[in-house]
Amino acid sequence: MDKYLVSPNPHIHAPRTTSSLMGDVCLALLPATVVSVLFYGWSELLILAVSVVSCVLIEWFITKYMLKREGIFCGSAAMVTGLLLALNLPSTTPWWIVFLGALFAIGVVKMTFGGLGQNLFNPAIAGRVFLLISFPQQMTNWTASQGFIHATDAISGATLLGVYGEGGMEALQALGYPEVHRMFMDIGGSAGEISVIALLVGFIYLLARKVIKPWIPLSIFGTVIVISGIFYLCDPSTYTGPAFNLLTGGIVLGACFMATDYVTSPMSTLGGVIYGVGIGIIVMMIRYFGAYPEGMSFAILIMNCAVPLLNRIHQKKYGRA
């Protein structure tokens with residue numbers, strides 16, 4: 001009788017584990033991480049080290065000594081949170097602020113809800129928003145550190161979105177806008193936003209490895225293109241166009257690596273499309289009419305709240321007509 005085991009479903013398990021999936025995400029983030037270190041140097045290395053080590057150790061400590069459930073600890077998942085948090089911060093962020101962000105992301109946003117697979121909000125995004133609200137001066141200090149390669153003037157001072165938010169199209173045109181090639185590389189902002197090309201390389205890798213599906217990122221990109229295109233056609237002297245909005249700020253980083261998070265994104269294809277469209281709409285409304293020049297983090301958090309409702313949209317069940 002010992003050979004007959006009774007266990008809950010699912011009885012057939014996929015060959016890929018959570019650790020292997022998170023390992024692929026880490027590899028996909030590697031190009032953007034390398035580029036950020038090349039441009040921002042030792043200061044970015046310190047931020048990455050503090051963020052990743054803090055996230056891993058905090059999650060391990062809570063699972064072992066507070067929850068006493070060591071089986072739910074996944075070091076690679078905590079590492080992904082640490083990488084994403086670091087790439088969403090300015091290169092000048094003090095190490096202790098990075099630690100506080102990691103503590104909030106893991107200790108409050110993730111582990112309070114039960115750990116891996118239980119959190120409602122994306123931990124890295126929530127950590128960034130927490131720091132942005134708590135330390136606005138340090139979180140909007142875009143002065144570039146000396147990197148291992150010479151950086152251009154485009155990555156020091158205000159971001160392109162910040163310039164637009166303060167001075168509108170006239171201020172952007174004074175900087176030479178539109179120059180699309182400059183927005184593919186050497187843009188200012190958080191460390192992970194410096195190279196759209198590096199982010200797209202990672203995105204293609206995730207698609208090739210079938211770690212994520214393209215519906216959420218494509219629906220975000222499509223919504224941003226449509227909304228910004230309509231506004232730009234109506235009044236090009238006031239509103240920025242689709243290329244500017246796609247290639248600046250955190251659109252690509254957020255759409256490809258954070259909006260696609262398994263835990264905090266919808267399970268069905270239709271739910272994912274609605275989720276992506278909602279993110280795109282909120283981002284553009286914040287950029288055009290909000291107090292913040294960038295809105296990707298807020299948009300993802302807001303739509304995270306809608307995921308339980310969107311998960312009521314199920315795919316066709318097995319055996320159903």
# chains A, B, ... in the order shown; residues from 1 in each chain; ligands from 1

$ residues_around --residues "Gly117 (chain A)" --least-positions-apart "5" --cutoff "10 Å" --atoms "only C-alpha atoms" --output "PyMOL selection string"
chain A and resi 72+110-111+262-264

$ select_by_dssp --residues "region 47-233 of chain A" --states "alpha helix (DSSP H)" --output "number ranges by chain"
A: 47-61, 75-87, 95-102, 123-134, 136-139, 160-174, 180-184, 196-208, 215-233

$ atom_distance --atom1 "CA of Ala49 (chain A)" --atom2 "CA of Val129 (chain A)"
20.2 Å

$ atom_distance --atom1 "CA of Gly254 (chain A)" --atom2 "CA of Leu85 (chain A)"
11.3 Å

$ residues_around --residues "region 73-83 of chain A" --least-positions-apart "6" --cutoff "10 Å" --atoms "only C-alpha atoms" --output "ChimeraX atom specification"
/A:18-27,29-30,33,47-64,98-99,101-102,105-106,110,115-116,122-125,127,192,257-258

$ write_last_selection --atoms "N, CA and C atoms" --output "compact mmCIF listing (two decimals), in the first residue's frame"
# COMPACT_ATOMS: atom_id res chain seq x y z
N THR A 18 10.75 27.31 -10.12
CA THR A 18 10.76 28.75 -9.88
C THR A 18 12.18 29.30 -9.92
N SER A 19 13.12 28.54 -9.37
CA SER A 19 14.51 28.99 -9.37
C SER A 19 15.07 29.13 -10.78
N SER A 20 14.71 28.19 -11.67
CA SER A 20 15.22 28.28 -13.04
C SER A 20 14.60 29.44 -13.78
N LEU A 21 13.31 29.70 -13.55
CA LEU A 21 12.65 30.84 -14.19
C LEU A 21 13.27 32.15 -13.73
N MET A 22 13.49 32.26 -12.42
CA MET A 22 14.09 33.48 -11.89
C MET A 22 15.54 33.63 -12.35
N GLY A 23 16.21 32.51 -12.54
CA GLY A 23 17.56 32.56 -13.09
C GLY A 23 17.58 33.13 -14.49
N ASP A 24 16.58 32.76 -15.30
CA ASP A 24 16.47 33.32 -16.64
C ASP A 24 16.22 34.83 -16.59
N VAL A 25 15.40 35.27 -15.64
CA VAL A 25 15.15 36.72 -15.51
C VAL A 25 16.44 37.45 -15.14
N CYS A 26 17.22 36.85 -14.26
CA CYS A 26 18.51 37.45 -13.90
C CYS A 26 19.41 37.58 -15.12
N LEU A 27 19.45 36.53 -15.94
CA LEU A 27 20.26 36.58 -17.16
C LEU A 27 19.74 37.64 -18.12
N LEU A 29 18.30 40.37 -17.34
CA LEU A 29 18.63 41.69 -16.80
C LEU A 29 20.12 41.99 -16.91
N LEU A 30 20.93 41.00 -17.23
CA LEU A 30 22.38 41.17 -17.26
C LEU A 30 22.84 42.27 -18.24
N THR A 33 22.16 45.58 -16.69
CA THR A 33 23.00 45.75 -15.50
C THR A 33 24.43 46.11 -15.89
N ILE A 47 25.29 50.04 -5.25
CA ILE A 47 23.84 49.97 -5.16
C ILE A 47 23.34 48.57 -5.48
N LEU A 48 23.87 47.98 -6.54
CA LEU A 48 23.48 46.62 -6.92
C LEU A 48 23.81 45.62 -5.82
N ALA A 49 25.01 45.73 -5.26
CA ALA A 49 25.43 44.80 -4.21
C ALA A 49 24.55 44.93 -2.97
N VAL A 50 24.34 46.16 -2.52
CA VAL A 50 23.53 46.37 -1.31
C VAL A 50 22.10 45.89 -1.54
N SER A 51 21.53 46.19 -2.69
CA SER A 51 20.14 45.83 -2.96
C SER A 51 19.96 44.31 -3.04
N VAL A 52 20.80 43.65 -3.80
CA VAL A 52 20.66 42.21 -3.98
C VAL A 52 20.93 41.47 -2.67
N VAL A 53 22.04 41.79 -2.01
CA VAL A 53 22.39 41.10 -0.77
C VAL A 53 21.32 41.35 0.30
N SER A 54 20.84 42.58 0.40
CA SER A 54 19.82 42.90 1.41
C SER A 54 18.54 42.13 1.15
N CYS A 55 18.08 42.09 -0.09
CA CYS A 55 16.83 41.38 -0.41
C CYS A 55 16.95 39.89 -0.08
N VAL A 56 18.07 39.28 -0.46
CA VAL A 56 18.25 37.85 -0.22
C VAL A 56 18.33 37.56 1.28
N LEU A 57 19.11 38.33 2.02
CA LEU A 57 19.28 38.07 3.45
C LEU A 57 18.01 38.36 4.24
N ILE A 58 17.31 39.43 3.89
CA ILE A 58 16.07 39.77 4.59
C ILE A 58 15.02 38.68 4.40
N GLU A 59 14.87 38.21 3.16
CA GLU A 59 13.88 37.15 2.90
C GLU A 59 14.28 35.86 3.62
N TRP A 60 15.56 35.51 3.58
CA TRP A 60 16.02 34.30 4.28
C TRP A 60 15.78 34.41 5.78
N PHE A 61 16.08 35.54 6.37
CA PHE A 61 15.90 35.72 7.82
C PHE A 61 14.43 35.60 8.21
N ILE A 62 13.55 36.23 7.44
CA ILE A 62 12.13 36.22 7.79
C ILE A 62 11.56 34.81 7.64
N THR A 63 11.91 34.10 6.56
CA THR A 63 11.37 32.75 6.37
C THR A 63 11.90 31.78 7.42
N LYS A 64 13.14 31.93 7.82
CA LYS A 64 13.75 30.98 8.77
C LYS A 64 13.37 31.27 10.21
N VAL A 98 19.01 52.52 -0.09
CA VAL A 98 18.82 51.27 -0.84
C VAL A 98 18.40 50.15 0.10
N PHE A 99 19.05 50.09 1.27
CA PHE A 99 18.69 49.06 2.25
C PHE A 99 17.25 49.22 2.72
N GLY A 101 14.81 50.53 1.08
CA GLY A 101 13.95 50.10 -0.01
C GLY A 101 13.83 48.59 -0.08
N ALA A 102 14.96 47.88 0.12
CA ALA A 102 14.94 46.42 0.13
C ALA A 102 14.13 45.89 1.30
N ALA A 105 10.48 46.42 0.43
CA ALA A 105 10.04 45.56 -0.67
C ALA A 105 9.85 44.12 -0.21
N ILE A 106 10.84 43.59 0.53
CA ILE A 106 10.77 42.19 0.96
C ILE A 106 9.98 42.05 2.26
N LYS A 110 6.27 41.84 0.36
CA LYS A 110 6.28 40.41 -0.02
C LYS A 110 5.99 39.49 1.15
N GLY A 115 4.93 35.56 1.61
CA GLY A 115 6.13 35.14 0.89
C GLY A 115 5.89 34.87 -0.58
N LEU A 116 6.73 34.04 -1.16
CA LEU A 116 6.75 33.78 -2.59
C LEU A 116 5.37 33.36 -3.11
N ASN A 122 3.92 44.24 -6.83
CA ASN A 122 5.28 43.95 -7.24
C ASN A 122 6.24 44.54 -6.20
N PRO A 123 7.08 43.73 -5.54
CA PRO A 123 7.92 44.25 -4.44
C PRO A 123 8.90 45.33 -4.88
N ALA A 124 9.57 45.15 -6.02
CA ALA A 124 10.57 46.12 -6.46
C ALA A 124 9.92 47.47 -6.76
N ILE A 125 8.78 47.44 -7.44
CA ILE A 125 8.08 48.69 -7.76
C ILE A 125 7.58 49.37 -6.49
N GLY A 127 8.84 49.10 -3.54
CA GLY A 127 10.01 49.64 -2.85
C GLY A 127 10.45 50.96 -3.44
N GLY A 192 18.70 51.58 -14.68
CA GLY A 192 18.23 50.59 -15.63
C GLY A 192 17.62 51.15 -16.89
N PHE A 257 9.84 43.73 -17.66
CA PHE A 257 10.39 43.00 -16.52
C PHE A 257 9.55 43.08 -15.25
N MET A 258 8.66 44.06 -15.13
CA MET A 258 7.91 44.19 -13.88
C MET A 258 6.42 43.98 -14.06

$ atom_distance --atom1 "CA of Trp96 (chain A)" --atom2 "CA of Pro136 (chain A)"
14.8 Å

$ closest_residue --among "A:Ala306, A:Leu172, A:Val201, A:Ile300" --to "Gly271 (chain A)" --atoms "only C-alpha atoms"
A:Ala306

$ closest_residue --among "A:Phe121, A:Ser195, A:Val108, A:Gly189" --to "Pro31 (chain A)" --atoms "only C-alpha atoms"
A:Ser195

$ closest_residue --among "A:Leu160, A:Ile204, A:Ile197, A:Val273" --to "Glu294 (chain A)" --atoms "only C-alpha atoms"
A:Leu160
